[in-house]
>>> print(open('entry.cif').read())   # mmCIF, N, CA and C atoms, pLDDT in the B column; chains and numbers go by the auth columns
data_my_file
#
loop_
_atom_site.group_PDB
_atom_site.id
_atom_site.type_symbol
_atom_site.label_atom_id
_atom_site.label_comp_id
_atom_site.label_asym_id
_atom_site.label_seq_id
_atom_site.Cartn_x
_atom_site.Cartn_y
_atom_site.Cartn_z
_atom_site.B_iso_or_equiv
_atom_site.auth_seq_id
_atom_site.auth_asym_id
ATOM 1 N N MET A 1 -6.273 15.535 14.589 69.00 1 A
ATOM 2 C CA MET A 1 -5.509 14.786 13.606 69.00 1 A
ATOM 3 C C MET A 1 -4.333 15.652 13.145 69.00 1 A
ATOM 4 N N THR A 2 -3.158 15.073 13.193 79.00 2 A
ATOM 5 C CA THR A 2 -1.975 15.796 12.758 79.00 2 A
ATOM 6 C C THR A 2 -1.546 15.309 11.382 79.00 2 A
ATOM 7 N N PRO A 3 -0.813 16.132 10.648 84.00 3 A
ATOM 8 C CA PRO A 3 -0.325 15.688 9.337 84.00 3 A
ATOM 9 C C PRO A 3 0.583 14.466 9.445 84.00 3 A
ATOM 10 N N ARG A 4 1.236 14.322 10.595 89.00 4 A
ATOM 11 C CA ARG A 4 2.138 13.190 10.763 89.00 4 A
ATOM 12 C C ARG A 4 1.399 11.857 10.712 89.00 4 A
ATOM 13 N N SER A 5 0.180 11.806 11.252 90.00 5 A
ATOM 14 C CA SER A 5 -0.576 10.551 11.222 90.00 5 A
ATOM 15 C C SER A 5 -0.942 10.168 9.791 90.00 5 A
ATOM 16 N N GLY A 6 -1.275 11.148 8.978 92.00 6 A
ATOM 17 C CA GLY A 6 -1.552 10.863 7.572 92.00 6 A
ATOM 18 C C GLY A 6 -0.325 10.366 6.833 92.00 6 A
ATOM 19 N N LEU A 7 0.838 10.915 7.176 92.00 7 A
ATOM 20 C CA LEU A 7 2.072 10.445 6.539 92.00 7 A
ATOM 21 C C LEU A 7 2.422 9.029 6.985 92.00 7 A
ATOM 22 N N TYR A 8 2.096 8.676 8.229 94.00 8 A
ATOM 23 C CA TYR A 8 2.304 7.299 8.672 94.00 8 A
ATOM 24 C C TYR A 8 1.403 6.328 7.894 94.00 8 A
ATOM 25 N N VAL A 9 0.174 6.724 7.654 94.00 9 A
ATOM 26 C CA VAL A 9 -0.736 5.889 6.868 94.00 9 A
ATOM 27 C C VAL A 9 -0.196 5.728 5.450 94.00 9 A
ATOM 28 N N ALA A 10 0.307 6.816 4.869 94.00 10 A
ATOM 29 C CA ALA A 10 0.883 6.735 3.526 94.00 10 A
ATOM 30 C C ALA A 10 2.116 5.838 3.513 94.00 10 A
ATOM 31 N N LEU A 11 2.900 5.861 4.576 94.00 11 A
ATOM 32 C CA LEU A 11 4.072 4.999 4.659 94.00 11 A
ATOM 33 C C LEU A 11 3.677 3.529 4.723 94.00 11 A
ATOM 34 N N VAL A 12 2.632 3.225 5.468 95.00 12 A
ATOM 35 C CA VAL A 12 2.132 1.845 5.530 95.00 12 A
ATOM 36 C C VAL A 12 1.673 1.396 4.145 95.00 12 A
ATOM 37 N N GLY A 13 0.979 2.273 3.425 95.00 13 A
ATOM 38 C CA GLY A 13 0.550 1.943 2.067 95.00 13 A
ATOM 39 C C GLY A 13 1.728 1.736 1.131 95.00 13 A
ATOM 40 N N LEU A 14 2.774 2.529 1.308 94.00 14 A
ATOM 41 C CA LEU A 14 3.967 2.376 0.479 94.00 14 A
ATOM 42 C C LEU A 14 4.638 1.041 0.736 94.00 14 A
ATOM 43 N N VAL A 15 4.708 0.640 1.990 95.00 15 A
ATOM 44 C CA VAL A 15 5.299 -0.660 2.320 95.00 15 A
ATOM 45 C C VAL A 15 4.450 -1.791 1.740 95.00 15 A
ATOM 46 N N MET A 16 3.121 -1.682 1.885 93.00 16 A
ATOM 47 C CA MET A 16 2.234 -2.716 1.334 93.00 16 A
ATOM 48 C C MET A 16 2.411 -2.850 -0.172 93.00 16 A
ATOM 49 N N ALA A 17 2.337 -1.722 -0.874 93.00 17 A
ATOM 50 C CA ALA A 17 2.437 -1.756 -2.336 93.00 17 A
ATOM 51 C C ALA A 17 3.823 -2.200 -2.770 93.00 17 A
ATOM 52 N N GLY A 18 4.851 -1.751 -2.066 92.00 18 A
ATOM 53 C CA GLY A 18 6.207 -2.121 -2.437 92.00 18 A
ATOM 54 C C GLY A 18 6.476 -3.602 -2.265 92.00 18 A
ATOM 55 N N LEU A 19 6.070 -4.153 -1.124 91.00 19 A
ATOM 56 C CA LEU A 19 6.301 -5.581 -0.899 91.00 19 A
ATOM 57 C C LEU A 19 5.492 -6.454 -1.848 91.00 19 A
ATOM 58 N N ALA A 20 4.254 -6.071 -2.114 90.00 20 A
ATOM 59 C CA ALA A 20 3.438 -6.862 -3.040 90.00 20 A
ATOM 60 C C ALA A 20 4.005 -6.806 -4.455 90.00 20 A
ATOM 61 N N THR A 21 4.450 -5.633 -4.882 89.00 21 A
ATOM 62 C CA THR A 21 5.018 -5.505 -6.220 89.00 21 A
ATOM 63 C C THR A 21 6.337 -6.258 -6.321 89.00 21 A
ATOM 64 N N LEU A 22 7.175 -6.133 -5.307 89.00 22 A
ATOM 65 C CA LEU A 22 8.448 -6.839 -5.307 89.00 22 A
ATOM 66 C C LEU A 22 8.229 -8.350 -5.312 89.00 22 A
ATOM 67 N N SER A 23 7.280 -8.823 -4.525 86.00 23 A
ATOM 68 C CA SER A 23 6.982 -10.252 -4.496 86.00 23 A
ATOM 69 C C SER A 23 6.476 -10.737 -5.846 86.00 23 A
ATOM 70 N N PHE A 24 5.672 -9.922 -6.504 83.00 24 A
ATOM 71 C CA PHE A 24 5.123 -10.323 -7.804 83.00 24 A
ATOM 72 C C PHE A 24 6.218 -10.383 -8.862 83.00 24 A
ATOM 73 N N PHE A 25 7.072 -9.356 -8.912 84.00 25 A
ATOM 74 C CA PHE A 25 8.085 -9.312 -9.964 84.00 25 A
ATOM 75 C C PHE A 25 9.260 -10.248 -9.701 84.00 25 A
ATOM 76 N N MET A 26 9.564 -10.514 -8.431 84.00 26 A
ATOM 77 C CA MET A 26 10.666 -11.436 -8.120 84.00 26 A
ATOM 78 C C MET A 26 10.186 -12.884 -8.085 84.00 26 A
ATOM 79 N N ASP A 27 8.904 -13.097 -8.318 74.00 27 A
ATOM 80 C CA ASP A 27 8.303 -14.432 -8.384 74.00 27 A
ATOM 81 C C ASP A 27 8.440 -15.190 -7.067 74.00 27 A
ATOM 82 N N TRP A 28 8.219 -14.463 -5.941 73.00 28 A
ATOM 83 C CA TRP A 28 8.223 -15.104 -4.640 73.00 28 A
ATOM 84 C C TRP A 28 6.828 -15.647 -4.368 73.00 28 A
ATOM 85 N N ASN A 29 6.506 -16.718 -5.003 67.00 29 A
ATOM 86 C CA ASN A 29 5.174 -17.297 -4.929 67.00 29 A
ATOM 87 C C ASN A 29 5.286 -18.682 -4.305 67.00 29 A
ATOM 88 N N PRO A 30 4.624 -18.937 -3.168 67.00 30 A
ATOM 89 C CA PRO A 30 4.718 -20.275 -2.574 67.00 30 A
ATOM 90 C C PRO A 30 4.025 -21.341 -3.411 67.00 30 A
ATOM 91 N N TYR A 31 3.192 -20.916 -4.341 62.00 31 A
ATOM 92 C CA TYR A 31 2.505 -21.840 -5.234 62.00 31 A
ATOM 93 C C TYR A 31 2.898 -21.507 -6.665 62.00 31 A
ATOM 94 N N PRO A 32 3.967 -22.081 -7.199 61.00 32 A
ATOM 95 C CA PRO A 32 4.375 -21.733 -8.564 61.00 32 A
ATOM 96 C C PRO A 32 3.261 -22.014 -9.567 61.00 32 A
ATOM 97 N N VAL A 33 3.082 -21.099 -10.489 59.00 33 A
ATOM 98 C CA VAL A 33 1.972 -21.194 -11.436 59.00 33 A
ATOM 99 C C VAL A 33 2.092 -22.426 -12.310 59.00 33 A
ATOM 100 N N ASN A 34 3.302 -22.792 -12.707 62.00 34 A
ATOM 101 C CA ASN A 34 3.439 -23.913 -13.627 62.00 34 A
ATOM 102 C C ASN A 34 3.236 -25.269 -12.958 62.00 34 A
ATOM 103 N N HIS A 35 3.232 -25.336 -11.605 61.00 35 A
ATOM 104 C CA HIS A 35 3.058 -26.626 -10.946 61.00 35 A
ATOM 105 C C HIS A 35 1.632 -26.873 -10.482 61.00 35 A
ATOM 106 N N THR A 36 0.977 -25.861 -9.966 57.00 36 A
ATOM 107 C CA THR A 36 -0.332 -26.097 -9.356 57.00 36 A
ATOM 108 C C THR A 36 -1.491 -25.472 -10.119 57.00 36 A
ATOM 109 N N GLY A 37 -1.221 -24.631 -11.086 60.00 37 A
ATOM 110 C CA GLY A 37 -2.301 -24.041 -11.872 60.00 37 A
ATOM 111 C C GLY A 37 -3.075 -22.993 -11.113 60.00 37 A
ATOM 112 N N GLY A 38 -4.230 -23.344 -10.583 62.00 38 A
ATOM 113 C CA GLY A 38 -5.139 -22.379 -9.989 62.00 38 A
ATOM 114 C C GLY A 38 -4.617 -21.695 -8.752 62.00 38 A
ATOM 115 N N ALA A 39 -3.908 -22.407 -7.889 65.00 39 A
ATOM 116 C CA ALA A 39 -3.417 -21.792 -6.657 65.00 39 A
ATOM 117 C C ALA A 39 -2.381 -20.719 -6.962 65.00 39 A
ATOM 118 N N GLY A 40 -1.517 -20.957 -7.928 70.00 40 A
ATOM 119 C CA GLY A 40 -0.510 -19.956 -8.289 70.00 40 A
ATOM 120 C C GLY A 40 -1.132 -18.724 -8.891 70.00 40 A
ATOM 121 N N LEU A 41 -2.115 -18.907 -9.728 75.00 41 A
ATOM 122 C CA LEU A 41 -2.805 -17.769 -10.341 75.00 41 A
ATOM 123 C C LEU A 41 -3.558 -16.969 -9.280 75.00 41 A
ATOM 124 N N GLY A 42 -4.169 -17.661 -8.335 77.00 42 A
ATOM 125 C CA GLY A 42 -4.881 -16.970 -7.257 77.00 42 A
ATOM 126 C C GLY A 42 -3.948 -16.135 -6.403 77.00 42 A
ATOM 127 N N PHE A 43 -2.760 -16.662 -6.109 79.00 43 A
ATOM 128 C CA PHE A 43 -1.813 -15.906 -5.307 79.00 43 A
ATOM 129 C C PHE A 43 -1.274 -14.712 -6.079 79.00 43 A
ATOM 130 N N ALA A 44 -1.068 -14.867 -7.390 81.00 44 A
ATOM 131 C CA ALA A 44 -0.617 -13.745 -8.213 81.00 44 A
ATOM 132 C C ALA A 44 -1.678 -12.639 -8.233 81.00 44 A
ATOM 133 N N LEU A 45 -2.943 -13.010 -8.355 86.00 45 A
ATOM 134 C CA LEU A 45 -4.021 -12.016 -8.305 86.00 45 A
ATOM 135 C C LEU A 45 -4.102 -11.353 -6.931 86.00 45 A
ATOM 136 N N PHE A 46 -3.856 -12.119 -5.867 87.00 46 A
ATOM 137 C CA PHE A 46 -3.823 -11.555 -4.522 87.00 46 A
ATOM 138 C C PHE A 46 -2.740 -10.491 -4.409 87.00 46 A
ATOM 139 N N LEU A 47 -1.555 -10.757 -4.966 87.00 47 A
ATOM 140 C CA LEU A 47 -0.474 -9.775 -4.912 87.00 47 A
ATOM 141 C C LEU A 47 -0.821 -8.522 -5.710 87.00 47 A
ATOM 142 N N ILE A 48 -1.471 -8.694 -6.848 90.00 48 A
ATOM 143 C CA ILE A 48 -1.869 -7.536 -7.658 90.00 48 A
ATOM 144 C C ILE A 48 -2.882 -6.686 -6.900 90.00 48 A
ATOM 145 N N PHE A 49 -3.862 -7.330 -6.273 94.00 49 A
ATOM 146 C CA PHE A 49 -4.868 -6.583 -5.523 94.00 49 A
ATOM 147 C C PHE A 49 -4.268 -5.921 -4.285 94.00 49 A
ATOM 148 N N MET A 50 -3.284 -6.546 -3.659 93.00 50 A
ATOM 149 C CA MET A 50 -2.624 -5.918 -2.510 93.00 50 A
ATOM 150 C C MET A 50 -1.826 -4.693 -2.942 93.00 50 A
ATOM 151 N N ALA A 51 -1.222 -4.748 -4.126 93.00 51 A
ATOM 152 C CA ALA A 51 -0.491 -3.580 -4.627 93.00 51 A
ATOM 153 C C ALA A 51 -1.462 -2.434 -4.904 93.00 51 A
ATOM 154 N N ILE A 52 -2.614 -2.744 -5.485 95.00 52 A
ATOM 155 C CA ILE A 52 -3.615 -1.709 -5.753 95.00 52 A
ATOM 156 C C ILE A 52 -4.151 -1.142 -4.439 95.00 52 A
ATOM 157 N N LEU A 53 -4.402 -2.009 -3.458 96.00 53 A
ATOM 158 C CA LEU A 53 -4.867 -1.543 -2.153 96.00 53 A
ATOM 159 C C LEU A 53 -3.814 -0.666 -1.488 96.00 53 A
ATOM 160 N N GLY A 54 -2.552 -1.008 -1.635 95.00 54 A
ATOM 161 C CA GLY A 54 -1.484 -0.182 -1.089 95.00 54 A
ATOM 162 C C GLY A 54 -1.469 1.200 -1.709 95.00 54 A
ATOM 163 N N LEU A 55 -1.698 1.290 -3.014 95.00 55 A
ATOM 164 C CA LEU A 55 -1.761 2.596 -3.674 95.00 55 A
ATOM 165 C C LEU A 55 -2.946 3.415 -3.171 95.00 55 A
ATOM 166 N N ILE A 56 -4.067 2.750 -2.935 96.00 56 A
ATOM 167 C CA ILE A 56 -5.233 3.455 -2.404 96.00 56 A
ATOM 168 C C ILE A 56 -4.938 3.971 -0.998 96.00 56 A
ATOM 169 N N VAL A 57 -4.257 3.176 -0.182 96.00 57 A
ATOM 170 C CA VAL A 57 -3.913 3.598 1.174 96.00 57 A
ATOM 171 C C VAL A 57 -2.941 4.781 1.129 96.00 57 A
ATOM 172 N N ILE A 58 -2.013 4.795 0.164 96.00 58 A
ATOM 173 C CA ILE A 58 -1.107 5.930 0.016 96.00 58 A
ATOM 174 C C ILE A 58 -1.889 7.208 -0.260 96.00 58 A
ATOM 175 N N VAL A 59 -2.840 7.139 -1.183 96.00 59 A
ATOM 176 C CA VAL A 59 -3.627 8.319 -1.534 96.00 59 A
ATOM 177 C C VAL A 59 -4.445 8.797 -0.334 96.00 59 A
ATOM 178 N N VAL A 60 -5.058 7.875 0.379 95.00 60 A
ATOM 179 C CA VAL A 60 -5.848 8.250 1.559 95.00 60 A
ATOM 180 C C VAL A 60 -4.953 8.892 2.619 95.00 60 A
ATOM 181 N N GLY A 61 -3.765 8.344 2.826 95.00 61 A
ATOM 182 C CA GLY A 61 -2.845 8.918 3.803 95.00 61 A
ATOM 183 C C GLY A 61 -2.391 10.315 3.415 95.00 61 A
ATOM 184 N N LEU A 62 -2.131 10.531 2.138 95.00 62 A
ATOM 185 C CA LEU A 62 -1.729 11.871 1.699 95.00 62 A
ATOM 186 C C LEU A 62 -2.872 12.870 1.828 95.00 62 A
ATOM 187 N N ILE A 63 -4.095 12.425 1.578 95.00 63 A
ATOM 188 C CA ILE A 63 -5.257 13.300 1.766 95.00 63 A
ATOM 189 C C ILE A 63 -5.413 13.634 3.244 95.00 63 A
ATOM 190 N N MET A 64 -5.217 12.635 4.117 93.00 64 A
ATOM 191 C CA MET A 64 -5.298 12.899 5.558 93.00 64 A
ATOM 192 C C MET A 64 -4.230 13.890 5.998 93.00 64 A
ATOM 193 N N ALA A 65 -3.032 13.769 5.447 92.00 65 A
ATOM 194 C CA ALA A 65 -1.956 14.692 5.804 92.00 65 A
ATOM 195 C C ALA A 65 -2.283 16.105 5.334 92.00 65 A
ATOM 196 N N ALA A 66 -2.843 16.230 4.136 92.00 66 A
ATOM 197 C CA ALA A 66 -3.192 17.557 3.610 92.00 66 A
ATOM 198 C C ALA A 66 -4.297 18.201 4.442 92.00 66 A
ATOM 199 N N VAL A 67 -5.314 17.425 4.776 91.00 67 A
ATOM 200 C CA VAL A 67 -6.408 17.965 5.589 91.00 67 A
ATOM 201 C C VAL A 67 -5.897 18.351 6.969 91.00 67 A
ATOM 202 N N GLY A 68 -5.049 17.524 7.540 88.00 68 A
ATOM 203 C CA GLY A 68 -4.491 17.848 8.850 88.00 68 A
ATOM 204 C C GLY A 68 -3.630 19.099 8.811 88.00 68 A
ATOM 205 N N ALA A 69 -2.898 19.291 7.725 88.00 69 A
ATOM 206 C CA ALA A 69 -2.067 20.488 7.615 88.00 69 A
ATOM 207 C C ALA A 69 -2.921 21.739 7.419 88.00 69 A
ATOM 208 N N LEU A 70 -4.022 21.615 6.712 88.00 70 A
ATOM 209 C CA LEU A 70 -4.890 22.769 6.498 88.00 70 A
ATOM 210 C C LEU A 70 -5.678 23.136 7.747 88.00 70 A
ATOM 211 N N ILE A 71 -6.060 22.138 8.523 88.00 71 A
ATOM 212 C CA ILE A 71 -6.845 22.395 9.729 88.00 71 A
ATOM 213 C C ILE A 71 -5.963 22.952 10.834 88.00 71 A
ATOM 214 N N ASN A 72 -4.763 22.421 11.002 76.00 72 A
ATOM 215 C CA ASN A 72 -3.888 22.785 12.124 76.00 72 A
ATOM 216 C C ASN A 72 -2.794 23.742 11.676 76.00 72 A
ATOM 217 N N GLN A 73 -3.142 24.845 11.054 73.00 73 A
ATOM 218 C CA GLN A 73 -2.121 25.809 10.646 73.00 73 A
ATOM 219 C C GLN A 73 -1.687 26.627 11.860 73.00 73 A
ATOM 220 N N PRO A 74 -0.391 26.677 12.093 73.00 74 A
ATOM 221 C CA PRO A 74 0.098 27.450 13.254 73.00 74 A
ATOM 222 C C PRO A 74 -0.083 28.951 13.046 73.00 74 A
ATOM 223 N N GLY A 75 -0.443 29.634 14.104 72.00 75 A
ATOM 224 C CA GLY A 75 -0.621 31.066 14.044 72.00 75 A
ATOM 225 C C GLY A 75 -1.975 31.527 13.537 72.00 75 A
ATOM 226 N N LYS A 76 -2.812 30.605 13.159 69.00 76 A
ATOM 227 C CA LYS A 76 -4.150 30.964 12.663 69.00 76 A
ATOM 228 C C LYS A 76 -5.147 30.775 13.794 69.00 76 A
ATOM 229 N N SER A 77 -5.883 31.817 14.123 61.00 77 A
ATOM 230 C CA SER A 77 -6.860 31.720 15.203 61.00 77 A
ATOM 231 C C SER A 77 -8.148 31.079 14.684 61.00 77 A
ATOM 232 N N PRO A 78 -8.764 30.223 15.512 58.00 78 A
ATOM 233 C CA PRO A 78 -9.979 29.517 15.062 58.00 78 A
ATOM 234 C C PRO A 78 -11.198 30.395 14.947 58.00 78 A
#
>>> encode(input="entry.cif", output="structure tokens")
Amino acid sequence: MTPRSGLYVALVGLVMAGLATLSFFMDWNPYPVNHTGGAGLGFALFLIFMAILGLIVIVVGLIMAAVGALINQPGKSP
């Protein structure tokens, strides 16, 4: 495992969290809350949970990058 793979995972999490947050704040909801009631609220909760999941993926990716950097230190004999 290389540190680069962990950074790619963190980048995916950043994109997930960023798009979900942007969609929530810009009100890009295919089911407007004031017209359909429950469907709009469900989609808003989905966006909130996707943003939280994106943050978790960022943390996991950064941990993977740190572990990969500590394991694969150049010049260190095993």
>>> closest_residue(input="entry.cif", among="A:Phe49, A:Gly40, A:Val9, A:Ser23", to="Leu62 (chain A)", atoms="only C-alpha atoms")
A:Val9
>>> residues_around(input="entry.cif", residues="Ile58 (chain A)", least_positions_apart="4", cutoff="6.5 Å", atoms="all atoms listed in the file", output="MDAnalysis selection string")
chainID A and resid 9:14 53:54 62:63
>>> select_by_dssp(input="entry.cif", residues="chain A", states="helix (DSSP H, G or I)", output="tab-separated table (two decimals) with N, CA and C atoms, in the coordinates of the input")
chain	number	residue	atom	x	y	z
A	3	PRO	N	-0.81	16.13	10.65
A	3	PRO	CA	-0.32	15.69	9.34
A	3	PRO	C	0.58	14.47	9.44
A	4	ARG	N	1.24	14.32	10.60
A	4	ARG	CA	2.14	13.19	10.76
A	4	ARG	C	1.40	11.86	10.71
A	5	SER	N	0.18	11.81	11.25
A	5	SER	CA	-0.58	10.55	11.22
A	5	SER	C	-0.94	10.17	9.79
A	6	GLY	N	-1.27	11.15	8.98
A	6	GLY	CA	-1.55	10.86	7.57
A	6	GLY	C	-0.32	10.37	6.83
A	7	LEU	N	0.84	10.92	7.18
A	7	LEU	CA	2.07	10.44	6.54
A	7	LEU	C	2.42	9.03	6.98
A	8	TYR	N	2.10	8.68	8.23
A	8	TYR	CA	2.30	7.30	8.67
A	8	TYR	C	1.40	6.33	7.89
A	9	VAL	N	0.17	6.72	7.65
A	9	VAL	CA	-0.74	5.89	6.87
A	9	VAL	C	-0.20	5.73	5.45
A	10	ALA	N	0.31	6.82	4.87
A	10	ALA	CA	0.88	6.74	3.53
A	10	ALA	C	2.12	5.84	3.51
A	11	LEU	N	2.90	5.86	4.58
A	11	LEU	CA	4.07	5.00	4.66
A	11	LEU	C	3.68	3.53	4.72
A	12	VAL	N	2.63	3.22	5.47
A	12	VAL	CA	2.13	1.84	5.53
A	12	VAL	C	1.67	1.40	4.14
A	13	GLY	N	0.98	2.27	3.42
A	13	GLY	CA	0.55	1.94	2.07
A	13	GLY	C	1.73	1.74	1.13
A	14	LEU	N	2.77	2.53	1.31
A	14	LEU	CA	3.97	2.38	0.48
A	14	LEU	C	4.64	1.04	0.74
A	15	VAL	N	4.71	0.64	1.99
A	15	VAL	CA	5.30	-0.66	2.32
A	15	VAL	C	4.45	-1.79	1.74
A	16	MET	N	3.12	-1.68	1.88
A	16	MET	CA	2.23	-2.72	1.33
A	16	MET	C	2.41	-2.85	-0.17
A	17	ALA	N	2.34	-1.72	-0.87
A	17	ALA	CA	2.44	-1.76	-2.34
A	17	ALA	C	3.82	-2.20	-2.77
A	18	GLY	N	4.85	-1.75	-2.07
A	18	GLY	CA	6.21	-2.12	-2.44
A	18	GLY	C	6.48	-3.60	-2.26
A	19	LEU	N	6.07	-4.15	-1.12
A	19	LEU	CA	6.30	-5.58	-0.90
A	19	LEU	C	5.49	-6.45	-1.85
A	20	ALA	N	4.25	-6.07	-2.11
A	20	ALA	CA	3.44	-6.86	-3.04
A	20	ALA	C	4.00	-6.81	-4.46
A	21	THR	N	4.45	-5.63	-4.88
A	21	THR	CA	5.02	-5.50	-6.22
A	21	THR	C	6.34	-6.26	-6.32
A	22	LEU	N	7.18	-6.13	-5.31
A	22	LEU	CA	8.45	-6.84	-5.31
A	22	LEU	C	8.23	-8.35	-5.31
A	23	SER	N	7.28	-8.82	-4.53
A	23	SER	CA	6.98	-10.25	-4.50
A	23	SER	C	6.48	-10.74	-5.85
A	24	PHE	N	5.67	-9.92	-6.50
A	24	PHE	CA	5.12	-10.32	-7.80
A	24	PHE	C	6.22	-10.38	-8.86
A	25	PHE	N	7.07	-9.36	-8.91
A	25	PHE	CA	8.09	-9.31	-9.96
A	25	PHE	C	9.26	-10.25	-9.70
A	33	VAL	N	3.08	-21.10	-10.49
A	33	VAL	CA	1.97	-21.19	-11.44
A	33	VAL	C	2.09	-22.43	-12.31
A	34	ASN	N	3.30	-22.79	-12.71
A	34	ASN	CA	3.44	-23.91	-13.63
A	34	ASN	C	3.24	-25.27	-12.96
A	35	HIS	N	3.23	-25.34	-11.60
A	35	HIS	CA	3.06	-26.63	-10.95
A	35	HIS	C	1.63	-26.87	-10.48
A	36	THR	N	0.98	-25.86	-9.97
A	36	THR	CA	-0.33	-26.10	-9.36
A	36	THR	C	-1.49	-25.47	-10.12
A	38	GLY	N	-4.23	-23.34	-10.58
A	38	GLY	CA	-5.14	-22.38	-9.99
A	38	GLY	C	-4.62	-21.70	-8.75
A	39	ALA	N	-3.91	-22.41	-7.89
A	39	ALA	CA	-3.42	-21.79	-6.66
A	39	ALA	C	-2.38	-20.72	-6.96
A	40	GLY	N	-1.52	-20.96	-7.93
A	40	GLY	CA	-0.51	-19.96	-8.29
A	40	GLY	C	-1.13	-18.72	-8.89
A	41	LEU	N	-2.12	-18.91	-9.73
A	41	LEU	CA	-2.80	-17.77	-10.34
A	41	LEU	C	-3.56	-16.97	-9.28
A	42	GLY	N	-4.17	-17.66	-8.34
A	42	GLY	CA	-4.88	-16.97	-7.26
A	42	GLY	C	-3.95	-16.14	-6.40
A	43	PHE	N	-2.76	-16.66	-6.11
A	43	PHE	CA	-1.81	-15.91	-5.31
A	43	PHE	C	-1.27	-14.71	-6.08
A	44	ALA	N	-1.07	-14.87	-7.39
A	44	ALA	CA	-0.62	-13.74	-8.21
A	44	ALA	C	-1.68	-12.64	-8.23
A	45	LEU	N	-2.94	-13.01	-8.36
A	45	LEU	CA	-4.02	-12.02	-8.30
A	45	LEU	C	-4.10	-11.35	-6.93
A	46	PHE	N	-3.86	-12.12	-5.87
A	46	PHE	CA	-3.82	-11.56	-4.52
A	46	PHE	C	-2.74	-10.49	-4.41
A	47	LEU	N	-1.56	-10.76	-4.97
A	47	LEU	CA	-0.47	-9.78	-4.91
A	47	LEU	C	-0.82	-8.52	-5.71
A	48	ILE	N	-1.47	-8.69	-6.85
A	48	ILE	CA	-1.87	-7.54	-7.66
A	48	ILE	C	-2.88	-6.69	-6.90
A	49	PHE	N	-3.86	-7.33	-6.27
A	49	PHE	CA	-4.87	-6.58	-5.52
A	49	PHE	C	-4.27	-5.92	-4.28
A	50	MET	N	-3.28	-6.55	-3.66
A	50	MET	CA	-2.62	-5.92	-2.51
A	50	MET	C	-1.83	-4.69	-2.94
A	51	ALA	N	-1.22	-4.75	-4.13
A	51	ALA	CA	-0.49	-3.58	-4.63
A	51	ALA	C	-1.46	-2.43	-4.90
A	52	ILE	N	-2.61	-2.74	-5.48
A	52	ILE	CA	-3.62	-1.71	-5.75
A	52	ILE	C	-4.15	-1.14	-4.44
A	53	LEU	N	-4.40	-2.01	-3.46
A	53	LEU	CA	-4.87	-1.54	-2.15
A	53	LEU	C	-3.81	-0.67	-1.49
A	54	GLY	N	-2.55	-1.01	-1.64
A	54	GLY	CA	-1.48	-0.18	-1.09
A	54	GLY	C	-1.47	1.20	-1.71
A	55	LEU	N	-1.70	1.29	-3.01
A	55	LEU	CA	-1.76	2.60	-3.67
A	55	LEU	C	-2.95	3.42	-3.17
A	56	ILE	N	-4.07	2.75	-2.94
A	56	ILE	CA	-5.23	3.46	-2.40
A	56	ILE	C	-4.94	3.97	-1.00
A	57	VAL	N	-4.26	3.18	-0.18
A	57	VAL	CA	-3.91	3.60	1.17
A	57	VAL	C	-2.94	4.78	1.13
A	58	ILE	N	-2.01	4.80	0.16
A	58	ILE	CA	-1.11	5.93	0.02
A	58	ILE	C	-1.89	7.21	-0.26
A	59	VAL	N	-2.84	7.14	-1.18
A	59	VAL	CA	-3.63	8.32	-1.53
A	59	VAL	C	-4.44	8.80	-0.33
A	60	VAL	N	-5.06	7.88	0.38
A	60	VAL	CA	-5.85	8.25	1.56
A	60	VAL	C	-4.95	8.89	2.62
A	61	GLY	N	-3.76	8.34	2.83
A	61	GLY	CA	-2.84	8.92	3.80
A	61	GLY	C	-2.39	10.32	3.42
A	62	LEU	N	-2.13	10.53	2.14
A	62	LEU	CA	-1.73	11.87	1.70
A	62	LEU	C	-2.87	12.87	1.83
A	63	ILE	N	-4.10	12.42	1.58
A	63	ILE	CA	-5.26	13.30	1.77
A	63	ILE	C	-5.41	13.63	3.24
A	64	MET	N	-5.22	12.64	4.12
A	64	MET	CA	-5.30	12.90	5.56
A	64	MET	C	-4.23	13.89	6.00
A	65	ALA	N	-3.03	13.77	5.45
A	65	ALA	CA	-1.96	14.69	5.80
A	65	ALA	C	-2.28	16.10	5.33
A	66	ALA	N	-2.84	16.23	4.14
A	66	ALA	CA	-3.19	17.56	3.61
A	66	ALA	C	-4.30	18.20	4.44
A	67	VAL	N	-5.31	17.42	4.78
A	67	VAL	CA	-6.41	17.96	5.59
A	67	VAL	C	-5.90	18.35	6.97
A	68	GLY	N	-5.05	17.52	7.54
A	68	GLY	CA	-4.49	17.85	8.85
A	68	GLY	C	-3.63	19.10	8.81
A	69	ALA	N	-2.90	19.29	7.72
A	69	ALA	CA	-2.07	20.49	7.62
A	69	ALA	C	-2.92	21.74	7.42
A	70	LEU	N	-4.02	21.62	6.71
A	70	LEU	CA	-4.89	22.77	6.50
A	70	LEU	C	-5.68	23.14	7.75
A	71	ILE	N	-6.06	22.14	8.52
A	71	ILE	CA	-6.84	22.40	9.73
A	71	ILE	C	-5.96	22.95	10.83
>>> atom_distance(input="entry.cif", atom1="CA of Leu55 (chain A)", atom2="CA of Ala17 (chain A)")
6.2 Å
>>> atom_distance(input="entry.cif", atom1="atom C of Gln73 (chain A)", atom2="atom N of Arg4 (chain A)")
12.7 Å
>>> atom_distance(input="entry.cif", atom1="CA of Phe43 (chain A)", atom2="atom N of Leu19 (chain A)")
14.8 Å
>>> closest_residue(input="entry.cif", among="A:Leu7, A:Thr2, A:Phe25, A:Ala20", to="Ile52 (chain A)", atoms="only C-alpha atoms")
A:Ala20
>>> closest_residue(input="entry.cif", among="A:Gly18, A:Ala66, A:Pro74, A:Trp28", to="Ala51 (chain A)", atoms="only N, CA and C atoms")
A:Gly18
>>> closest_residue(input="entry.cif", among="A:Val15, A:Tyr8, A:Asn72, A:Phe24", to="Ile48 (chain A)", atoms="only C-alpha atoms")
A:Phe24
>>> closest_residue(input="entry.cif", among="A:Met64, A:Leu70, A:Val59, A:Met16", to="Leu47 (chain A)", atoms="only C-alpha atoms")
A:Met16
